[in-house]
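Student: Here it is, the structure in full.
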Amino acid sequence: MPPIWVALKRSIPSSFVLFAALLPTWCAALLTLACTPLRASTEPGASRPGVVEDNRAAVENGPWMNAELSSAERVRAVLAEMSVEEKLRLLMGYYGADAAWKGYTAPAEARPGSAGYVPGIARLGIPRQWQTDAGMGVATQGSAAVKRERTALPSGLAMAASWDPSVAEAGGRMIGEEAHASGFNVMLAGSVNLQRDPHCGRNFEYAGEDPYLAGVMAGAQIAGIQSQHVISTLKHYAVNAQETDRNAGDSILDPGAARMSDLLAFELALERGRPGAVMCAYNKLNGTYACENAWLLTQVLRKDWGFSGYVLSDWGAVHSSAKAANAGLEQASGFPFDDRPYFGTLLRQAVESGEVSRARLDEMAGRVLFAMFENGLFEHPPKIRAIDFEKNGALSQHAAEQGIVLLKNEEQILPLAQSVKTVAMIGGYADRGVLSGGGSSQVYPRGKNAVPDLQPSSWPGPVMYFPSSPLIELRRAAPHTQITFDPGTKQQDAVALAKRSDVAIVFVTQWTTETLDVPVVLPDDQDDLIRAVAAANPKTIVVLETGGPVLMPWAKEVGAIVQAWYPGTQGGRAIARVLSGAANPSGRLPFTIPLRRVDWRHPDLPKAGKVHYEEGATVGYKWFDQQQLTPRFEFGSGLSYTTFAYAELALKPLERTLEVTFSVENTGENAGQAVAQIYVAGKGWEAPQRLAAFAKVALEAGEKKLVSLRVDPRLLAIWNEKSGGWKIAPGSYEVRLGSSSRRVHQRGTIELEGASWSARSH
Ligand code: BGC
């Protein structure tokens, strides 16, 4: 482990380290500038807990407290009462955990060990903003002695692999409720960065390589969170596709291509989830930092997409005051992660000098307030209260079962048959628990870290295994089978056990985390372990707990492959239920797994500096299709314990879109879920085909359903950056009804009329 992790606790730019070293000198010179915010109290009168609530009587006659009025009216009314200082106060957030390396103590009013805190204005009844990470559940930050123990959903990628927006929405509702019950009203969720690079250490937080799938799933999660009176973010805006050099790297991507790929994922999530906030990313996009990129924050987000909430920065992503404010940033987060208090004293000076206009200041405060009104933050303050962990754990388990992907199942080795008397379970700490991903999104589970002694033990760790043991759960699910565990650390022991067992199940893991990119191969010789076990017992099943895709050079040698992701709080039970057949797997891959590393568009570990995404919008399977590369497991693939037949494809052209109707029938013996996928092929596109629609369909054995889907017009169109609009070319399009991007069951062609429209009127 590089020693720097220990010292820094969080990923911070090197200029930050310098800043820390110079701190005493700066304190003398810039006392009011940089040092004041390092003290805990940020709010006049804030030392009295509950001051905002106490003040209700005094403010209740203010028209902005009237929930009958529209949010815009309420914003106007309250802004008219606010001083410049008060407006500024809403625009600067503080880290909610101590940061010893900066000599920083979190504000007393912050929730201990949390991501952030923004003071309220007691005089006007404006609530404080208590911010928590993140997309899998309520996290704990920093070295807080007491960790919040909460329910963790499976990873973002696992949720995307469910291909079921209702699963994502229910998950969002659950973590939003836990956030609210933990005293938070802002959740830093909604991670939707497109998987361009398989090495990205945060791929587990995201939603895969397709903009439509990612946007739909992230949007559903956001809607769920916000139903609980908790503002959700949508992040990290945009093209934050690697962790290497994450604070300074420059993503070079053609703006038009971005609109049809990464930005399309954001646009769709924004429309579906209506997040109160968007978090701008650390990286630069085409030479300009995301948090001061006027094209991203103003042209695209506000003018083209009509976003009415506020933009908050990632923690330490701000590099200027006036430039950032005028480009479209409203709130600087997590001081002291930025090297200076850009949105503190420095922004006040910029307002006083006129560099930032009063109108812009009003807009900035107004947007924060708008999101607070829209999401009921005034009427429904978060309350620390009991959480139903039983219920929430069951929900997380259900989500895990929906996202687990059965990639291979030769001779129906799975589900484990009654005739299987002995099972060798090997490796992956499967006797103790299931892996989770590292960094700011880390949720601490109830009960202890099941494998507490792994490195790194502090930021971006700890490496955390949730105490849901696949071994214990499989013993419970298959009581008549004798299951013996071997840790897999001595290959010959594992092989010997596999040899004398009917079936061998090898658990393999790869820990991935924020701040670090990873090779796309299993670490610690796990490939060798699989090969050795498979050589000893052809009935070998591999269960992968990985953050993203890994190469599977042993795929032909094993009987079955189960991609189980980071499966969340009750992941062990979910895996056991899939292995035993109590749950029928229905997840589908949200990315491509190639045969060879070189087949990936980005086959090597990311580099620092400028990163040229020359593939433009040809991301993921689109690249494999265009290059005519055969993947090992294609985008959208996954098996079931039953079989489905797809038929009766009918196409109907509509204005700027088309309606696709088809039937799906369960032709097997078990109830199960099909994931019907519609791909469209058009001329002059960035790729031979695009995912245009999908539906997860639950069917009893023998049942048949008719499904009707409409294609989003943007998935039939090409974006023209010059004219700032979408265009569907008139002509014929091929529509494919598939069960993956390569398994096509029926094809049809349709003539579409041409159409064009501007960004805002699709
Ligand atoms: C991460 C964000 C997170 C924030 C607050 C940053 O390091 O990039 O995703 O929300 O920290 O913890």
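In the structure tokens, the first chain shown is A, the next is B, and so on; residue numbers restart at 1 for each chain, and ligands run from 1 in the order shown.
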Pull the helix (DSSP H, G or I) assignments for region 306-473 of chain A out of DSSP run on the backbone, and list those residues as a PyMOL selection string.

Tutor: chain A and resi 322-327+345-352+358-374+389-403+410-412+470-473

Student: Contacts of region 555-560 of chain A at 8 Å or less, counting only C-alpha atoms, minus same-chain residues fewer than 4 places along, as a PyMOL selection string?

Tutor: chain A and resi 406-411+413-414+531+534-535+538-542

Student: With a cut-off of 12 Å, could you pull out the residues of region 296-371 of chain A touching region 238-245 of chain A and give me the nearest pair of atoms for each, distance in Å to one decimal, using only C-alpha atoms, ordered by chain and ascending number, as JSON lines?

Tutor:
```
{"residue": "A:Leu296", "atom": "CA", "partner": "A:Ala238", "partner_atom": "CA", "distance": 7.9}
{"residue": "A:Leu297", "atom": "CA", "partner": "A:Ala238", "partner_atom": "CA", "distance": 9.8}
{"residue": "A:Val300", "atom": "CA", "partner": "A:Ala238", "partner_atom": "CA", "distance": 11.2}
{"residue": "A:Leu301", "atom": "CA", "partner": "A:Ala238", "partner_atom": "CA", "distance": 10.8}
{"residue": "A:Ser313", "atom": "CA", "partner": "A:Ala238", "partner_atom": "CA", "distance": 11.6}
{"residue": "A:Asp314", "atom": "CA", "partner": "A:Ala238", "partner_atom": "CA", "distance": 11.2}
{"residue": "A:Ala317", "atom": "CA", "partner": "A:Asn240", "partner_atom": "CA", "distance": 12.0}
```

Student: Given only C-alpha atoms and all ligand atoms, how would the per-residue table for chain A near ligand 1 read, listing every residue at most 8 Å away with its closest atom pair and distance in Å to one decimal, sorted by chain and number, as CSV?

Tutor:
```
residue,atom,partner,partner_atom_place_in_ligand_line,distance
A:Arg10,CA,ligand 1,7 (O),7.0
A:Ser11,CA,ligand 1,7 (O),6.5
A:Ser114,CA,ligand 1,12 (O),7.7
A:Ala115,CA,ligand 1,12 (O),4.6
A:Gly116,CA,ligand 1,5 (C),7.1
A:Thr132,CA,ligand 1,12 (O),7.3
A:Asp133,CA,ligand 1,10 (O),5.4
A:Ala134,CA,ligand 1,10 (O),6.3
A:Gln141,CA,ligand 1,12 (O),7.0
A:Leu188,CA,ligand 1,10 (O),5.0
A:Ala189,CA,ligand 1,10 (O),7.3
A:Ser191,CA,ligand 1,9 (O),7.9
A:Lys235,CA,ligand 1,9 (O),7.2
A:His236,CA,ligand 1,9 (O),6.9
A:Ala281,CA,ligand 1,8 (O),7.4
A:Tyr282,CA,ligand 1,8 (O),7.4
A:Asp314,CA,ligand 1,6 (C),5.6
A:Trp315,CA,ligand 1,11 (O),5.0
A:Gly316,CA,ligand 1,7 (O),7.7
A:Gly334,CA,ligand 1,5 (C),7.2
A:Gly439,CA,ligand 1,7 (O),7.5
A:Ser440,CA,ligand 1,12 (O),4.8
A:Ser441,CA,ligand 1,3 (C),7.1
A:Glu514,CA,ligand 1,8 (O),7.3
```

Student: Which residues are close to Pro415 (chain A), i.e. within 9 Å by only C-alpha atoms, leaving aside same-chain residues fewer than 6 positions away? Reply as a VMD selection string.

Tutor: chain A and resid 578 to 582 584 641

Student: Identify which of the residues A:Thr515, A:Gln563, A:Gln491, A:Ser232 lies closest to Asp528 (chain A), counting only C-alpha atoms when measuring atom-to-atom distances.

Tutor: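 Among A:Thr515, A:Gln563, A:Gln491, A:Ser232, it is A:Gln491 that comes nearest to Asp528 (chain A).
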
Student: I'd like the neighbourhood of region 319-323 of chain A as a list in words, where a residue qualifies if any of its atoms comes within 9 Å (using only C-alpha atoms), though same-chain residues fewer than 6 positions away should be ignored.

Tutor: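 Near region 319-323 of chain A, the qualifying residues are Tyr289, Cys291, Glu292, Asn293, Ala294, Leu329, Asp338, Asp339, Arg340, Pro341, Tyr342, Phe343, Gly344, Leu346, Leu347, Ala350, Val351, Glu355 and Val356 of chain A.
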
Student: Can you write out the residues you just picked, keeping all heavy atoms, as a short mmCIF file (atom, residue, chain, number, x, y, z; two decimals), in the first residue's frame?

Tutor:
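Just written: again-v6.cif:
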```cif
data_model
loop_
_atom_site.label_atom_id
_atom_site.label_comp_id
_atom_site.auth_asym_id
_atom_site.auth_seq_id
_atom_site.Cartn_x
_atom_site.Cartn_y
_atom_site.Cartn_z
N TYR A 289 -11.76 22.77 -16.45
CA TYR A 289 -12.27 22.01 -15.31
C TYR A 289 -13.79 21.94 -15.38
O TYR A 289 -14.47 22.94 -15.67
CB TYR A 289 -11.87 22.68 -13.99
CG TYR A 289 -10.48 22.31 -13.56
CD1 TYR A 289 -9.46 23.27 -13.52
CD2 TYR A 289 -10.17 21.01 -13.18
CE1 TYR A 289 -8.17 22.92 -13.12
CE2 TYR A 289 -8.89 20.65 -12.79
CZ TYR A 289 -7.90 21.61 -12.76
OH TYR A 289 -6.64 21.24 -12.37
N CYS A 291 -15.96 21.96 -13.15
CA CYS A 291 -16.69 22.87 -12.26
C CYS A 291 -16.54 24.34 -12.66
O CYS A 291 -17.05 25.22 -11.97
CB CYS A 291 -16.27 22.64 -10.81
SG CYS A 291 -16.83 21.05 -10.17
N GLU A 292 -15.83 24.60 -13.75
CA GLU A 292 -15.84 25.97 -14.27
C GLU A 292 -16.02 25.95 -15.79
O GLU A 292 -15.59 26.84 -16.50
CB GLU A 292 -14.59 26.74 -13.86
CG GLU A 292 -13.29 26.06 -14.12
CD GLU A 292 -12.09 26.77 -13.47
OE1 GLU A 292 -12.21 27.24 -12.31
OE2 GLU A 292 -11.05 26.87 -14.13
N ASN A 293 -16.71 24.92 -16.22
CA ASN A 293 -16.90 24.70 -17.65
C ASN A 293 -18.30 25.21 -18.06
O ASN A 293 -19.32 24.55 -17.86
CB ASN A 293 -16.77 23.19 -17.92
CG ASN A 293 -16.68 22.87 -19.39
OD1 ASN A 293 -17.41 23.45 -20.20
ND2 ASN A 293 -15.79 21.96 -19.74
N ALA A 294 -18.30 26.40 -18.63
CA ALA A 294 -19.58 27.05 -18.95
C ALA A 294 -20.37 26.26 -19.98
O ALA A 294 -21.61 26.23 -19.95
CB ALA A 294 -19.32 28.46 -19.46
N LEU A 329 -21.45 27.14 -11.52
CA LEU A 329 -21.37 26.42 -10.25
C LEU A 329 -22.10 27.22 -9.18
O LEU A 329 -21.92 28.43 -9.07
CB LEU A 329 -19.89 26.25 -9.83
CG LEU A 329 -19.67 25.57 -8.47
CD1 LEU A 329 -20.15 24.11 -8.49
CD2 LEU A 329 -18.19 25.60 -8.08
N ASP A 338 -11.14 22.00 -1.14
CA ASP A 338 -10.58 22.97 -2.09
C ASP A 338 -9.37 23.62 -1.45
O ASP A 338 -9.32 23.77 -0.23
CB ASP A 338 -11.62 24.05 -2.43
CG ASP A 338 -12.75 23.50 -3.26
OD1 ASP A 338 -12.50 22.55 -4.04
OD2 ASP A 338 -13.89 24.00 -3.13
N ASP A 339 -8.42 24.03 -2.27
CA ASP A 339 -7.21 24.60 -1.66
C ASP A 339 -7.42 26.01 -1.11
O ASP A 339 -6.61 26.51 -0.36
CB ASP A 339 -6.00 24.52 -2.62
CG ASP A 339 -6.24 25.24 -3.92
OD1 ASP A 339 -7.33 25.85 -4.07
OD2 ASP A 339 -5.37 25.21 -4.79
N ARG A 340 -8.51 26.63 -1.47
CA ARG A 340 -8.86 27.93 -0.88
C ARG A 340 -10.39 27.99 -0.74
O ARG A 340 -11.09 27.29 -1.46
CB ARG A 340 -8.37 29.07 -1.78
CG ARG A 340 -6.86 29.01 -2.03
CD ARG A 340 -6.39 30.14 -2.91
NE ARG A 340 -6.43 31.41 -2.22
CZ ARG A 340 -6.28 32.60 -2.83
NH1 ARG A 340 -6.09 32.66 -4.13
NH2 ARG A 340 -6.32 33.70 -2.15
N PRO A 341 -10.88 28.87 0.12
CA PRO A 341 -12.35 28.95 0.29
C PRO A 341 -12.97 29.77 -0.84
O PRO A 341 -13.46 30.88 -0.64
CB PRO A 341 -12.49 29.65 1.64
CG PRO A 341 -11.27 30.49 1.77
CD PRO A 341 -10.17 29.79 1.04
N TYR A 342 -12.96 29.18 -2.03
CA TYR A 342 -13.37 29.96 -3.22
C TYR A 342 -14.77 30.54 -3.11
O TYR A 342 -15.06 31.60 -3.64
CB TYR A 342 -13.27 29.08 -4.47
CG TYR A 342 -11.84 28.74 -4.83
CD1 TYR A 342 -11.37 27.44 -4.68
CD2 TYR A 342 -10.97 29.71 -5.31
CE1 TYR A 342 -10.06 27.12 -5.00
CE2 TYR A 342 -9.66 29.40 -5.63
CZ TYR A 342 -9.22 28.10 -5.47
OH TYR A 342 -7.92 27.80 -5.78
N PHE A 343 -15.65 29.79 -2.47
CA PHE A 343 -17.03 30.30 -2.38
C PHE A 343 -17.33 30.86 -0.99
O PHE A 343 -18.48 31.02 -0.61
CB PHE A 343 -18.02 29.19 -2.77
CG PHE A 343 -18.26 29.14 -4.27
CD1 PHE A 343 -17.27 29.49 -5.17
CD2 PHE A 343 -19.49 28.76 -4.79
CE1 PHE A 343 -17.48 29.45 -6.55
CE2 PHE A 343 -19.72 28.72 -6.15
CZ PHE A 343 -18.71 29.06 -7.03
N GLY A 344 -16.26 31.20 -0.25
CA GLY A 344 -16.41 31.89 1.03
C GLY A 344 -16.08 33.35 0.80
O GLY A 344 -16.66 34.03 -0.05
N LEU A 346 -13.75 34.70 -0.72
CA LEU A 346 -13.34 35.07 -2.08
C LEU A 346 -14.54 35.36 -2.99
O LEU A 346 -14.49 36.26 -3.82
CB LEU A 346 -12.47 33.97 -2.69
CG LEU A 346 -11.14 33.73 -1.98
CD1 LEU A 346 -10.42 32.52 -2.56
CD2 LEU A 346 -10.25 34.97 -2.09
N LEU A 347 -15.59 34.62 -2.79
CA LEU A 347 -16.78 34.88 -3.61
C LEU A 347 -17.42 36.20 -3.17
O LEU A 347 -17.89 36.98 -4.00
CB LEU A 347 -17.78 33.72 -3.49
CG LEU A 347 -19.05 33.86 -4.35
CD1 LEU A 347 -18.71 33.96 -5.84
CD2 LEU A 347 -19.98 32.65 -4.14
N ALA A 350 -15.66 38.84 -4.87
CA ALA A 350 -16.01 38.87 -6.30
C ALA A 350 -17.38 39.52 -6.51
O ALA A 350 -17.61 40.21 -7.51
CB ALA A 350 -16.01 37.45 -6.87
N VAL A 351 -18.27 39.33 -5.55
CA VAL A 351 -19.60 39.97 -5.64
C VAL A 351 -19.44 41.48 -5.40
O VAL A 351 -20.00 42.31 -6.13
CB VAL A 351 -20.59 39.34 -4.64
CG1 VAL A 351 -21.88 40.15 -4.56
CG2 VAL A 351 -20.90 37.90 -5.03
N GLU A 355 -17.44 41.33 -10.13
CA GLU A 355 -17.01 40.23 -11.02
C GLU A 355 -18.09 39.16 -11.14
O GLU A 355 -18.25 38.51 -12.16
CB GLU A 355 -15.76 39.57 -10.42
CG GLU A 355 -14.47 39.95 -11.07
CD GLU A 355 -13.37 39.04 -10.54
OE1 GLU A 355 -13.11 39.10 -9.32
OE2 GLU A 355 -12.83 38.27 -11.33
N VAL A 356 -18.78 38.98 -10.02
CA VAL A 356 -19.99 38.14 -10.04
C VAL A 356 -21.15 39.08 -9.73
O VAL A 356 -21.15 39.77 -8.71
CB VAL A 356 -19.91 37.01 -8.99
CG1 VAL A 356 -21.22 36.26 -8.88
CG2 VAL A 356 -18.76 36.07 -9.32
#
```

Student: Go ahead and compute the interatomic distance for CA of Thr422 (chain A) and CA of Asp527 (chain A), in Å to one decimal.

Tutor: 23.4 Å

Student: Fewer than 2 positions away in the same chain doesn't count, so skip those; otherwise give me all residues within 12 Å of Lys303 (chain A), counting only C-alpha atoms, as a list of chain:residue names.

Tutor: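 Non-adjacent residues within range: A:Ala294, A:Trp295, A:Leu296, A:Leu297, A:Thr298, A:Gln299, A:Val300, A:Leu301, A:Trp305, A:Gly306, A:Phe307, A:Ser308, A:Gly328, A:Gly724, A:Ser758, A:Ala759, A:Arg760, A:Ser761.
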
Student: Just write the chosen residues, C-alpha atoms, as a short mmCIF file (atom, residue, chain, number, x, y, z; two decimals), in the first residue's frame.

Tutor:
```
data_model
loop_
_atom_site.label_atom_id
_atom_site.label_comp_id
_atom_site.auth_asym_id
_atom_site.auth_seq_id
_atom_site.Cartn_x
_atom_site.Cartn_y
_atom_site.Cartn_z
CA ALA A 294 -19.58 27.05 -18.95
CA TRP A 295 -20.39 24.79 -21.86
CA LEU A 296 -21.18 21.90 -19.53
CA LEU A 297 -22.83 23.80 -16.69
CA THR A 298 -24.70 26.50 -18.55
CA GLN A 299 -25.07 25.67 -22.23
CA VAL A 300 -25.80 21.98 -21.96
CA LEU A 301 -27.24 21.58 -18.47
CA TRP A 305 -31.73 20.51 -20.80
CA GLY A 306 -33.62 23.07 -18.76
CA PHE A 307 -32.14 22.00 -15.40
CA SER A 308 -33.66 24.08 -12.62
CA GLY A 328 -22.65 27.83 -13.53
CA GLY A 724 -27.51 22.33 -31.63
CA SER A 758 -33.53 21.43 -31.00
CA ALA A 759 -32.07 20.18 -27.74
CA ARG A 760 -34.92 21.33 -25.53
CA SER A 761 -37.91 20.20 -27.53
#
```

Student: Residues within 9 Å of Gly731 (chain A), please, as a list in words. Count only C-alpha atoms; anything in the same chain fewer than 2 positions from it doesn't count.

Tutor: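 Surrounding residues, per the criterion: Gly682, Lys683, Ile728, Ala729, Tyr733, Ile750, Glu751, Leu752, Glu753 and Gly754 of chain A.
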
Student: Mind listing the strand (DSSP E) residues of region 366-568 of chain A, per DSSP on the backbone, as an MDAnalysis selection string?

Tutor: chainID A and resid 405:409 422:426 434:435 465:466 482:486 503:510 540:546 560:563

Student: Just how far from CA of Ala674 (chain A) is CA of Asp599 (chain A), in Å to one decimal?

Tutor: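 Between CA of Asp599 (chain A) and CA of Ala674 (chain A) the gap works out to 28.7 Å.
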
Student: Using only C-alpha atoms, determine which residues lie at most 9 Å from Ala617 (chain A), disregarding the query and same-chain residues fewer than 3 positions distant; provide the list as an MDAnalysis selection string.

Tutor: chainID A and resid 253:254 256:262 613:614 622:623 686:687
